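Asks: Could you have a look at this structure, given as C-alpha coordinates, before my questions?
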Amino acid sequence: MSKASVILYITVGIFVLFLISYSPKKKSDHDHHHGGHNQHHRLKLRSSFNFKPTRHDPVPFDPLVADMERRREDKEWERQYIEHSHPELVSHSQKAVDSGGHEHAPGHESQPEWEDFMDAEDYLNNEEKFNVTDRLILLFPKIDVSPVDGFVTESELTDWTIQSSQKEVMHRTQRDMDVHDRNKDGFISFSEYEPPSWVRNSDNHSFGYEMGWWKEEHFNASDANGDGLLNLTEFNDFLHPADTKNTKLLLWLCKEEVRERDSDKDGKISFEEFFHGLFDTVRNYEEDNHNSTHPYHDLPEGPAKQFFAQLDKDDDGYLSDAELLPIISKIHPTEHYYAKQQADYIISQADSDKDGRLTLAEMIDHPYVFYSAIFDEEDTDDDYGFHDEFR
(Lines give C-alpha, C1' and ligand atoms only; values in the text may rest on other atoms or scores of the structure.)
Protein backbone atom coordinates (compact mmCIF):
# COMPACT_ATOMS: atom_id res chain seq x y z
CA MET A 1 0.00 0.00 0.00
CA SER A 2 1.35 3.46 -0.90
CA LYS A 3 2.25 6.15 1.67
CA ALA A 4 -0.70 8.21 0.49
CA SER A 5 -3.07 5.28 1.07
CA VAL A 6 -1.72 4.75 4.59
CA ILE A 7 -2.23 8.43 5.41
CA LEU A 8 -5.74 8.26 3.94
CA TYR A 9 -6.77 5.34 6.09
CA ILE A 10 -5.18 6.83 9.23
CA THR A 11 -7.28 9.94 8.60
CA VAL A 12 -10.41 7.85 8.07
CA GLY A 13 -9.63 5.86 11.23
CA ILE A 14 -9.26 9.03 13.31
CA PHE A 15 -12.57 10.29 11.90
CA VAL A 16 -14.34 7.06 12.82
CA LEU A 17 -12.89 7.14 16.34
CA PHE A 18 -14.10 10.73 16.62
CA LEU A 19 -17.61 9.65 15.64
CA ILE A 20 -17.57 6.78 18.10
CA SER A 21 -16.23 8.93 20.94
CA TYR A 22 -19.09 11.39 20.55
CA SER A 23 -21.77 8.75 20.21
CA PRO A 24 -23.95 7.99 23.27
CA LYS A 25 -21.91 5.95 25.76
CA LYS A 26 -24.85 4.20 27.38
CA LYS A 27 -26.91 1.85 25.30
CA SER A 28 -30.37 0.77 26.15
CA ASP A 29 -30.87 -2.87 27.04
CA HIS A 30 -32.59 -3.27 23.69
CA ASP A 31 -29.61 -1.91 21.72
CA HIS A 32 -27.10 -3.95 23.73
CA HIS A 33 -29.03 -7.14 23.11
CA HIS A 34 -29.36 -6.54 19.40
CA GLY A 35 -25.78 -5.73 18.46
CA GLY A 36 -25.26 -2.01 18.09
CA HIS A 37 -25.94 0.92 15.79
CA ASN A 38 -29.28 0.82 13.93
CA GLN A 39 -29.64 -2.91 14.55
CA HIS A 40 -33.27 -2.81 15.69
CA HIS A 41 -34.20 -6.42 15.10
CA ARG A 42 -32.65 -9.78 15.76
CA LEU A 43 -30.28 -10.92 13.03
CA LYS A 44 -31.36 -14.16 11.37
CA LEU A 45 -29.61 -16.39 8.86
CA ARG A 46 -31.37 -17.43 5.68
CA SER A 47 -31.99 -21.11 5.08
CA SER A 48 -33.64 -21.48 1.70
CA PHE A 49 -31.88 -24.44 0.08
CA ASN A 50 -33.94 -26.35 -2.46
CA PHE A 51 -32.82 -28.92 -5.03
CA LYS A 52 -35.03 -27.31 -7.66
CA PRO A 53 -33.83 -24.11 -9.38
CA THR A 54 -35.00 -21.01 -7.51
CA ARG A 55 -34.90 -17.26 -7.94
CA HIS A 56 -31.55 -15.49 -7.69
CA ASP A 57 -31.16 -14.33 -4.10
CA PRO A 58 -28.75 -11.51 -3.20
CA VAL A 59 -25.47 -12.80 -1.80
CA PRO A 60 -24.45 -11.78 1.72
CA PHE A 61 -22.33 -8.64 1.84
CA ASP A 62 -20.22 -9.91 4.75
CA PRO A 63 -17.99 -12.97 4.09
CA LEU A 64 -18.48 -14.08 7.69
CA VAL A 65 -22.24 -14.19 7.25
CA ALA A 66 -21.77 -15.93 3.90
CA ASP A 67 -19.72 -18.62 5.62
CA MET A 68 -22.43 -19.13 8.24
CA GLU A 69 -25.13 -19.45 5.60
CA ARG A 70 -22.95 -21.77 3.51
CA ARG A 71 -22.46 -24.14 6.45
CA ARG A 72 -26.14 -24.05 7.33
CA GLU A 73 -26.99 -24.76 3.69
CA ASP A 74 -24.56 -27.70 3.66
CA LYS A 75 -26.41 -29.30 6.55
CA GLU A 76 -29.79 -28.76 4.91
CA TRP A 77 -28.43 -30.01 1.59
CA GLU A 78 -27.12 -33.16 3.24
CA ARG A 79 -30.45 -33.81 4.92
CA GLN A 80 -32.40 -33.36 1.68
CA TYR A 81 -29.86 -35.35 -0.34
CA ILE A 82 -30.19 -38.32 2.01
CA GLU A 83 -33.99 -38.08 1.92
CA HIS A 84 -34.06 -37.89 -1.90
CA SER A 85 -31.32 -40.33 -2.85
CA HIS A 86 -30.78 -42.59 0.17
CA PRO A 87 -33.96 -42.75 2.24
CA GLU A 88 -32.69 -45.96 3.80
CA LEU A 89 -29.96 -43.93 5.52
CA VAL A 90 -32.36 -41.48 7.17
CA SER A 91 -33.05 -43.72 10.14
CA HIS A 92 -29.32 -44.44 10.51
CA SER A 93 -28.47 -40.74 10.41
CA GLN A 94 -31.15 -39.94 12.97
CA LYS A 95 -29.78 -42.62 15.30
CA ALA A 96 -26.31 -41.11 15.01
CA VAL A 97 -27.61 -37.67 15.92
CA ASP A 98 -29.73 -39.03 18.77
CA SER A 99 -26.71 -40.84 20.20
CA GLY A 100 -24.61 -37.68 20.22
CA GLY A 101 -22.86 -38.17 16.89
CA HIS A 102 -22.39 -35.36 14.36
CA GLU A 103 -23.18 -35.82 10.68
CA HIS A 104 -21.10 -33.55 8.44
CA ALA A 105 -21.63 -32.52 4.82
CA PRO A 106 -18.90 -33.24 2.23
CA GLY A 107 -15.95 -30.87 2.49
CA HIS A 108 -16.66 -30.01 6.13
CA GLU A 109 -14.06 -27.53 7.40
CA SER A 110 -12.60 -26.92 10.84
CA GLN A 111 -14.89 -25.13 13.28
CA PRO A 112 -14.73 -21.32 13.30
CA GLU A 113 -15.29 -19.37 16.51
CA TRP A 114 -19.01 -18.88 15.95
CA GLU A 115 -19.67 -22.63 15.89
CA ASP A 116 -18.91 -22.67 19.63
CA PHE A 117 -22.34 -21.08 20.03
CA MET A 118 -25.38 -23.32 20.23
CA ASP A 119 -26.82 -21.35 17.34
CA ALA A 120 -24.93 -19.21 14.83
CA GLU A 121 -27.64 -16.58 15.19
CA ASP A 122 -26.74 -16.23 18.87
CA TYR A 123 -23.24 -15.30 17.69
CA LEU A 124 -24.62 -12.69 15.29
CA ASN A 125 -26.61 -11.14 18.09
CA ASN A 126 -23.77 -11.08 20.63
CA GLU A 127 -22.38 -7.57 20.30
CA GLU A 128 -19.02 -8.47 21.79
CA LYS A 129 -18.52 -11.06 19.05
CA PHE A 130 -20.33 -9.49 16.09
CA ASN A 131 -20.76 -5.74 15.84
CA VAL A 132 -22.06 -4.40 12.53
CA THR A 133 -20.17 -1.10 12.78
CA ASP A 134 -16.89 -2.88 13.53
CA ARG A 135 -17.49 -5.24 10.60
CA LEU A 136 -18.05 -2.36 8.19
CA ILE A 137 -14.86 -0.63 9.39
CA LEU A 138 -12.96 -3.88 8.82
CA LEU A 139 -14.42 -4.58 5.37
CA PHE A 140 -14.29 -1.07 3.90
CA PRO A 141 -10.55 -1.12 2.93
CA LYS A 142 -11.01 -4.58 1.40
CA ILE A 143 -13.63 -3.17 -0.99
CA ASP A 144 -11.99 0.21 -1.66
CA VAL A 145 -9.17 -1.12 -3.82
CA SER A 146 -9.47 0.27 -7.34
CA PRO A 147 -8.29 2.88 -6.65
CA VAL A 148 -7.69 3.21 -2.89
CA ASP A 149 -9.26 6.66 -2.44
CA GLY A 150 -11.56 6.49 0.58
CA PHE A 151 -14.66 5.81 -1.52
CA VAL A 152 -16.49 2.65 -2.55
CA THR A 153 -17.80 2.91 -6.11
CA GLU A 154 -20.40 0.85 -7.91
CA SER A 155 -17.64 -0.97 -9.79
CA GLU A 156 -15.78 -1.87 -6.59
CA LEU A 157 -18.98 -3.02 -4.90
CA THR A 158 -19.90 -5.09 -7.96
CA ASP A 159 -16.48 -6.77 -7.95
CA TRP A 160 -16.81 -7.47 -4.22
CA THR A 161 -20.23 -9.07 -4.73
CA ILE A 162 -19.00 -11.15 -7.68
CA GLN A 163 -16.16 -12.54 -5.57
CA SER A 164 -18.64 -13.63 -2.90
CA SER A 165 -21.04 -15.04 -5.48
CA GLN A 166 -18.36 -17.00 -7.30
CA LYS A 167 -17.14 -18.50 -4.04
CA GLU A 168 -20.66 -19.67 -3.19
CA VAL A 169 -21.26 -21.09 -6.66
CA MET A 170 -17.95 -22.97 -6.70
CA HIS A 171 -18.62 -24.33 -3.22
CA ARG A 172 -21.92 -25.82 -4.40
CA THR A 173 -20.27 -27.19 -7.53
CA GLN A 174 -17.57 -28.90 -5.47
CA ARG A 175 -20.26 -30.33 -3.22
CA ASP A 176 -22.11 -31.78 -6.21
CA MET A 177 -18.88 -33.08 -7.71
CA ASP A 178 -18.02 -34.92 -4.48
CA VAL A 179 -21.34 -36.76 -4.81
CA HIS A 180 -21.16 -37.67 -8.52
CA ASP A 181 -17.44 -38.44 -8.80
CA ARG A 182 -17.88 -42.09 -7.82
CA ASN A 183 -14.36 -43.25 -8.60
CA LYS A 184 -12.88 -40.18 -6.90
CA ASP A 185 -10.53 -39.32 -9.77
CA GLY A 186 -11.42 -35.61 -9.73
CA PHE A 187 -13.49 -35.81 -12.93
CA ILE A 188 -17.11 -36.46 -13.87
CA SER A 189 -17.94 -38.81 -16.73
CA PHE A 190 -21.36 -38.82 -18.35
CA SER A 191 -22.04 -42.29 -16.95
CA GLU A 192 -21.20 -41.05 -13.45
CA TYR A 193 -23.51 -38.09 -13.65
CA GLU A 194 -27.16 -38.65 -12.80
CA PRO A 195 -29.76 -35.93 -13.16
CA PRO A 196 -31.30 -34.71 -9.91
CA SER A 197 -34.27 -36.73 -8.68
CA TRP A 198 -36.66 -33.86 -9.42
CA VAL A 199 -35.62 -34.18 -13.08
CA ARG A 200 -35.85 -37.97 -13.19
CA ASN A 201 -39.34 -37.85 -11.68
CA SER A 202 -40.62 -35.18 -14.08
CA ASP A 203 -42.94 -35.63 -17.01
CA ASN A 204 -40.81 -35.26 -20.15
CA HIS A 205 -43.62 -33.49 -21.98
CA SER A 206 -44.49 -30.92 -19.34
CA PHE A 207 -40.85 -30.41 -18.41
CA GLY A 208 -39.42 -30.59 -21.94
CA TYR A 209 -37.11 -27.58 -21.97
CA GLU A 210 -35.53 -28.19 -18.58
CA MET A 211 -34.94 -31.86 -19.41
CA GLY A 212 -32.56 -30.77 -22.16
CA TRP A 213 -30.12 -29.54 -19.55
CA TRP A 214 -29.40 -33.09 -18.44
CA LYS A 215 -28.75 -34.71 -21.82
CA GLU A 216 -25.43 -35.85 -23.28
CA GLU A 217 -25.36 -32.95 -25.74
CA HIS A 218 -25.15 -30.54 -22.81
CA PHE A 219 -22.43 -32.64 -21.20
CA ASN A 220 -20.34 -32.72 -24.39
CA ALA A 221 -20.72 -28.97 -24.91
CA SER A 222 -19.39 -28.42 -21.38
CA ASP A 223 -16.35 -30.61 -22.11
CA ALA A 224 -14.11 -27.79 -23.34
CA ASN A 225 -11.01 -29.93 -23.96
CA GLY A 226 -12.94 -32.81 -25.48
CA ASP A 227 -11.49 -35.56 -23.27
CA GLY A 228 -14.89 -37.03 -22.39
CA LEU A 229 -14.64 -35.91 -18.75
CA LEU A 230 -15.54 -32.77 -16.85
CA ASN A 231 -13.01 -31.23 -14.48
CA LEU A 232 -14.19 -28.86 -11.73
CA THR A 233 -14.25 -25.79 -14.02
CA GLU A 234 -16.08 -27.65 -16.80
CA PHE A 235 -18.55 -29.15 -14.33
CA ASN A 236 -19.19 -25.68 -12.92
CA ASP A 237 -19.88 -24.48 -16.48
CA PHE A 238 -22.20 -27.46 -16.96
CA LEU A 239 -24.22 -26.41 -13.91
CA HIS A 240 -24.02 -22.65 -14.66
CA PRO A 241 -23.70 -22.25 -18.45
CA ALA A 242 -24.65 -18.55 -18.46
CA ASP A 243 -21.30 -17.64 -16.85
CA THR A 244 -19.09 -19.79 -19.06
CA LYS A 245 -16.42 -18.49 -21.44
CA ASN A 246 -16.72 -21.71 -23.45
CA THR A 247 -18.19 -20.69 -26.83
CA LYS A 248 -19.28 -24.26 -27.55
CA LEU A 249 -21.40 -24.26 -24.40
CA LEU A 250 -22.83 -20.81 -25.13
CA LEU A 251 -23.90 -22.06 -28.56
CA TRP A 252 -25.57 -25.03 -26.88
CA LEU A 253 -27.43 -22.55 -24.66
CA CYS A 254 -28.55 -20.69 -27.79
CA LYS A 255 -29.77 -23.97 -29.29
CA GLU A 256 -31.79 -24.70 -26.15
CA GLU A 257 -33.28 -21.21 -26.38
CA VAL A 258 -34.34 -21.85 -29.97
CA ARG A 259 -35.85 -25.17 -28.91
CA GLU A 260 -37.90 -23.47 -26.23
CA ARG A 261 -39.07 -20.51 -28.34
CA ASP A 262 -39.60 -22.39 -31.62
CA SER A 263 -43.37 -22.87 -31.43
CA ASP A 264 -43.72 -24.29 -34.97
CA LYS A 265 -40.72 -26.64 -34.47
CA ASP A 266 -38.90 -25.67 -37.67
CA GLY A 267 -35.58 -25.32 -35.87
CA LYS A 268 -35.32 -21.52 -36.06
CA ILE A 269 -36.87 -18.36 -34.67
CA SER A 270 -39.26 -16.37 -36.84
CA PHE A 271 -39.97 -12.71 -36.20
CA GLU A 272 -43.29 -13.57 -34.54
CA GLU A 273 -41.57 -16.03 -32.21
CA PHE A 274 -38.91 -13.41 -31.47
CA PHE A 275 -41.39 -10.59 -30.89
CA HIS A 276 -43.56 -12.55 -28.47
CA GLY A 277 -41.02 -13.20 -25.74
CA LEU A 278 -37.36 -12.73 -26.61
CA PHE A 279 -37.62 -9.09 -27.58
CA ASP A 280 -39.20 -8.12 -24.26
CA THR A 281 -36.59 -10.15 -22.36
CA VAL A 282 -33.71 -8.31 -24.05
CA ARG A 283 -35.41 -4.94 -23.71
CA ASN A 284 -36.00 -5.44 -19.99
CA TYR A 285 -32.36 -6.44 -19.51
CA GLU A 286 -31.09 -3.32 -21.26
CA GLU A 287 -33.47 -1.04 -19.39
CA ASP A 288 -32.36 -2.59 -16.07
CA ASN A 289 -28.75 -1.79 -17.01
CA HIS A 290 -29.58 1.75 -18.19
CA ASN A 291 -27.80 1.12 -21.49
CA SER A 292 -30.61 0.71 -23.94
CA THR A 293 -29.38 1.37 -27.47
CA HIS A 294 -32.68 0.79 -29.24
CA PRO A 295 -35.58 3.28 -29.61
CA TYR A 296 -38.40 1.47 -27.77
CA HIS A 297 -40.69 4.49 -27.81
CA ASP A 298 -41.72 3.83 -31.42
CA LEU A 299 -44.60 1.61 -32.62
CA PRO A 300 -44.49 -1.82 -30.89
CA GLU A 301 -43.19 -3.80 -33.87
CA GLY A 302 -40.96 -1.08 -35.29
CA PRO A 303 -37.93 -1.35 -33.00
CA ALA A 304 -38.41 -5.10 -32.72
CA LYS A 305 -38.14 -5.54 -36.49
CA GLN A 306 -35.06 -3.29 -36.60
CA PHE A 307 -33.38 -5.27 -33.83
CA PHE A 308 -34.38 -8.59 -35.46
CA ALA A 309 -32.80 -7.45 -38.73
CA GLN A 310 -29.54 -6.60 -36.95
CA LEU A 311 -29.36 -10.11 -35.52
CA ASP A 312 -30.39 -11.84 -38.77
CA LYS A 313 -26.95 -11.76 -40.39
CA ASP A 314 -27.83 -13.95 -43.37
CA ASP A 315 -31.07 -12.04 -44.07
CA ASP A 316 -33.16 -15.22 -44.36
CA GLY A 317 -35.92 -13.89 -42.11
CA TYR A 318 -35.10 -16.23 -39.23
CA LEU A 319 -32.71 -16.38 -36.31
CA SER A 320 -30.45 -19.41 -36.01
CA ASP A 321 -28.63 -20.69 -32.91
CA ALA A 322 -25.48 -18.76 -33.79
CA GLU A 323 -27.41 -15.56 -34.48
CA LEU A 324 -28.68 -15.56 -30.88
CA LEU A 325 -25.12 -15.56 -29.53
CA PRO A 326 -24.81 -11.71 -29.29
CA ILE A 327 -27.83 -11.56 -26.94
CA ILE A 328 -27.59 -14.84 -25.02
CA SER A 329 -26.13 -13.09 -21.95
CA LYS A 330 -29.20 -10.83 -21.92
CA ILE A 331 -31.55 -13.81 -22.11
CA HIS A 332 -29.61 -15.70 -19.44
CA PRO A 333 -27.99 -13.01 -17.25
CA THR A 334 -24.57 -13.66 -15.74
CA GLU A 335 -23.45 -13.25 -12.14
CA HIS A 336 -22.08 -9.83 -13.11
CA TYR A 337 -25.60 -8.68 -13.99
CA TYR A 338 -26.98 -9.65 -10.59
CA ALA A 339 -23.94 -8.28 -8.75
CA LYS A 340 -24.33 -4.92 -10.48
CA GLN A 341 -28.02 -4.82 -9.59
CA GLN A 342 -27.17 -5.48 -5.97
CA ALA A 343 -24.44 -2.82 -5.98
CA ASP A 344 -26.77 -0.27 -7.59
CA TYR A 345 -29.42 -0.95 -4.95
CA ILE A 346 -26.98 -0.64 -2.04
CA ILE A 347 -25.57 2.66 -3.32
CA SER A 348 -29.04 4.06 -3.99
CA GLN A 349 -29.98 3.39 -0.36
CA ALA A 350 -26.77 4.40 1.44
CA ASP A 351 -25.42 7.27 -0.69
CA SER A 352 -26.57 10.19 1.44
CA ASP A 353 -24.93 12.95 -0.60
CA LYS A 354 -25.93 11.34 -3.92
CA ASP A 355 -22.45 11.51 -5.45
CA GLY A 356 -22.68 7.93 -6.74
CA ARG A 357 -20.19 6.44 -4.26
CA LEU A 358 -19.99 5.55 -0.57
CA THR A 359 -17.80 6.77 2.24
CA LEU A 360 -17.18 4.70 5.36
CA ALA A 361 -19.34 7.13 7.33
CA GLU A 362 -22.25 6.60 4.91
CA MET A 363 -21.90 2.84 5.25
CA ILE A 364 -21.86 3.06 9.06
CA ASP A 365 -24.95 5.28 8.95
CA HIS A 366 -26.85 2.71 6.84
CA PRO A 367 -25.89 -0.72 8.22
CA TYR A 368 -29.32 -2.21 7.48
CA VAL A 369 -28.59 -1.87 3.74
CA PHE A 370 -25.54 -4.13 3.96
CA TYR A 371 -27.03 -6.59 6.41
CA SER A 372 -30.63 -6.46 5.15
CA ALA A 373 -30.44 -10.12 4.13
CA ILE A 374 -30.19 -11.09 7.79
CA PHE A 375 -32.25 -8.44 9.60
CA ASP A 376 -35.47 -9.96 10.94
CA GLU A 377 -37.76 -7.15 9.85
CA GLU A 378 -41.10 -8.29 11.21
CA ASP A 379 -42.80 -5.06 10.21
CA THR A 380 -41.99 -5.30 6.49
CA ASP A 381 -43.36 -7.38 3.65
CA ASP A 382 -39.94 -7.50 2.02
CA ASP A 383 -38.42 -10.89 2.94
CA TYR A 384 -34.78 -9.84 3.09
CA GLY A 385 -34.94 -6.08 2.85
CA PHE A 386 -34.33 -6.07 -0.91
CA HIS A 387 -36.89 -4.92 -3.43
CA ASP A 388 -38.61 -7.24 -5.88
CA GLU A 389 -35.97 -6.48 -8.50
CA PHE A 390 -33.80 -9.09 -6.77
CA ARG A 391 -36.50 -11.75 -6.69
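We label chains A, B, ... in the order they appear in the C-alpha coordinates, count residues from 1 in each chain, and number ligands from 1 in the order shown.
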Quick one: residues within 9 Å of A:Asn284, only C-alpha atoms, excluding same-chain residues fewer than 5 positions away - as a PyMOL selection string?
Replies: chain A and resi 279+289+330
Asks: Write a file of the just-selected residues containing N, CA, C and O atoms, as an mmCIF file, in the first residue's frame.
Replies:
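As written to disk, out-v9.cif reads:
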```cif
data_model
loop_
_atom_site.group_PDB
_atom_site.id
_atom_site.type_symbol
_atom_site.label_atom_id
_atom_site.label_comp_id
_atom_site.auth_asym_id
_atom_site.auth_seq_id
_atom_site.Cartn_x
_atom_site.Cartn_y
_atom_site.Cartn_z
ATOM 1 N N PHE A 279 -37.840 -10.527 -27.445
ATOM 2 C CA PHE A 279 -37.618 -9.089 -27.575
ATOM 3 C C PHE A 279 -37.839 -8.384 -26.240
ATOM 4 O O PHE A 279 -37.043 -7.544 -25.821
ATOM 5 N N ASN A 289 -30.153 -2.200 -17.034
ATOM 6 C CA ASN A 289 -28.752 -1.791 -17.008
ATOM 7 C C ASN A 289 -28.551 -0.367 -17.494
ATOM 8 O O ASN A 289 -27.419 0.076 -17.659
ATOM 9 N N LYS A 330 -28.059 -11.643 -22.337
ATOM 10 C CA LYS A 330 -29.198 -10.825 -21.921
ATOM 11 C C LYS A 330 -30.434 -11.688 -21.687
ATOM 12 O O LYS A 330 -31.332 -11.317 -20.926
#
```
Asks: Do you have the atom CA of A:Ala304-atom CA of A:Pro333 distance handy?
Replies: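 Distance between the two atoms: 20.3 Å.
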Asks: Within 10 Å of A:Pro141, counting only C-alpha atoms, which residues qualify if same-chain residues fewer than 4 places away don't, as a list in words?
Replies: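 What passes the distance filter is Tyr9, Leu136, Ile137, Val145, Val148, Asp149, Gly150, Phe151, Val152 and Leu360 of chain A.
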Asks: Keeping only all heavy atoms, write those residues as a short mmCIF file (atom, residue, chain, number, x, y, z; two decimals), in the first residue's frame.
Replies:
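See part24.cif below for the written result:
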```cif
data_model
loop_
_atom_site.label_atom_id
_atom_site.label_comp_id
_atom_site.auth_asym_id
_atom_site.auth_seq_id
_atom_site.Cartn_x
_atom_site.Cartn_y
_atom_site.Cartn_z
N TYR A 9 -6.05 6.20 5.17
CA TYR A 9 -6.77 5.34 6.09
C TYR A 9 -6.55 5.72 7.55
O TYR A 9 -7.41 5.51 8.40
CB TYR A 9 -6.40 3.87 5.85
CG TYR A 9 -7.20 3.29 4.72
CD1 TYR A 9 -6.59 2.91 3.52
CD2 TYR A 9 -8.59 3.17 4.83
CE1 TYR A 9 -7.33 2.42 2.47
CE2 TYR A 9 -9.34 2.67 3.79
CZ TYR A 9 -8.72 2.31 2.61
OH TYR A 9 -9.46 1.82 1.58
N LEU A 136 -18.13 -3.28 9.33
CA LEU A 136 -18.05 -2.36 8.19
C LEU A 136 -16.70 -1.65 8.15
O LEU A 136 -16.12 -1.46 7.07
CB LEU A 136 -19.19 -1.34 8.26
CG LEU A 136 -20.60 -1.88 7.99
CD1 LEU A 136 -21.65 -0.82 8.29
CD2 LEU A 136 -20.72 -2.36 6.55
N ILE A 137 -16.18 -1.26 9.33
CA ILE A 137 -14.86 -0.63 9.39
C ILE A 137 -13.78 -1.59 8.89
O ILE A 137 -12.85 -1.20 8.18
CB ILE A 137 -14.56 -0.17 10.83
CG1 ILE A 137 -15.51 0.97 11.23
CG2 ILE A 137 -13.11 0.27 10.97
CD1 ILE A 137 -15.42 1.37 12.70
N VAL A 145 -10.48 -0.67 -3.33
CA VAL A 145 -9.17 -1.12 -3.82
C VAL A 145 -8.81 -0.61 -5.21
O VAL A 145 -7.66 -0.71 -5.64
CB VAL A 145 -9.09 -2.67 -3.82
CG1 VAL A 145 -9.16 -3.20 -2.40
CG2 VAL A 145 -10.18 -3.29 -4.70
N VAL A 148 -7.54 2.98 -4.33
CA VAL A 148 -7.69 3.21 -2.89
C VAL A 148 -7.81 4.73 -2.70
O VAL A 148 -6.82 5.45 -2.73
CB VAL A 148 -6.47 2.67 -2.11
CG1 VAL A 148 -6.63 2.95 -0.63
CG2 VAL A 148 -6.30 1.18 -2.37
N ASP A 149 -9.05 5.20 -2.51
CA ASP A 149 -9.26 6.66 -2.44
C ASP A 149 -10.24 7.08 -1.35
O ASP A 149 -10.64 8.23 -1.28
CB ASP A 149 -9.75 7.18 -3.79
CG ASP A 149 -11.05 6.52 -4.24
OD1 ASP A 149 -11.57 5.66 -3.50
OD2 ASP A 149 -11.55 6.86 -5.34
N GLY A 150 -10.64 6.14 -0.48
CA GLY A 150 -11.56 6.49 0.58
C GLY A 150 -13.02 6.45 0.17
O GLY A 150 -13.89 6.88 0.93
N PHE A 151 -13.29 5.93 -1.03
CA PHE A 151 -14.66 5.81 -1.52
C PHE A 151 -14.88 4.41 -2.09
O PHE A 151 -13.97 3.82 -2.67
CB PHE A 151 -14.96 6.83 -2.62
CG PHE A 151 -14.88 8.27 -2.18
CD1 PHE A 151 -13.71 8.99 -2.38
CD2 PHE A 151 -15.96 8.88 -1.55
CE1 PHE A 151 -13.62 10.31 -1.97
CE2 PHE A 151 -15.86 10.21 -1.14
CZ PHE A 151 -14.70 10.93 -1.35
N VAL A 152 -16.10 3.91 -1.92
CA VAL A 152 -16.49 2.65 -2.55
C VAL A 152 -17.42 2.98 -3.71
O VAL A 152 -18.48 3.59 -3.51
CB VAL A 152 -17.20 1.71 -1.55
CG1 VAL A 152 -17.90 0.57 -2.28
CG2 VAL A 152 -16.19 1.13 -0.56
N LEU A 360 -17.02 5.59 4.20
CA LEU A 360 -17.18 4.70 5.36
C LEU A 360 -18.27 5.23 6.28
O LEU A 360 -19.07 4.45 6.82
CB LEU A 360 -15.86 4.58 6.11
CG LEU A 360 -15.88 3.74 7.39
CD1 LEU A 360 -16.36 2.33 7.10
CD2 LEU A 360 -14.49 3.70 8.04
#
```
Asks: If we count only C-alpha atoms, what is near A:Leu278 at a cut-off of 12 Å, once residues fewer than 4 positions away on the same chain are taken out, given as number ranges by chain?
Replies: A: 254, 257-258, 260-262, 269-274, 282-285, 304, 307-308, 319, 324, 327-328, 330-332
Asks: May I ask which of the residues A:Thr173, A:Ser222, A:Ser191, A:Gln342 is the closest one to A:Asn236, counting only C-alpha atoms?
Replies: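 Nearest to A:Asn236: A:Thr173.
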Asks: Have a look at atom CA of A:Ile346 and atom CA of A:Phe370 and let me know their distance in Å, one decimal.
Replies: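 Between atom CA of A:Ile346 and atom CA of A:Phe370 the gap works out to 7.1 Å.
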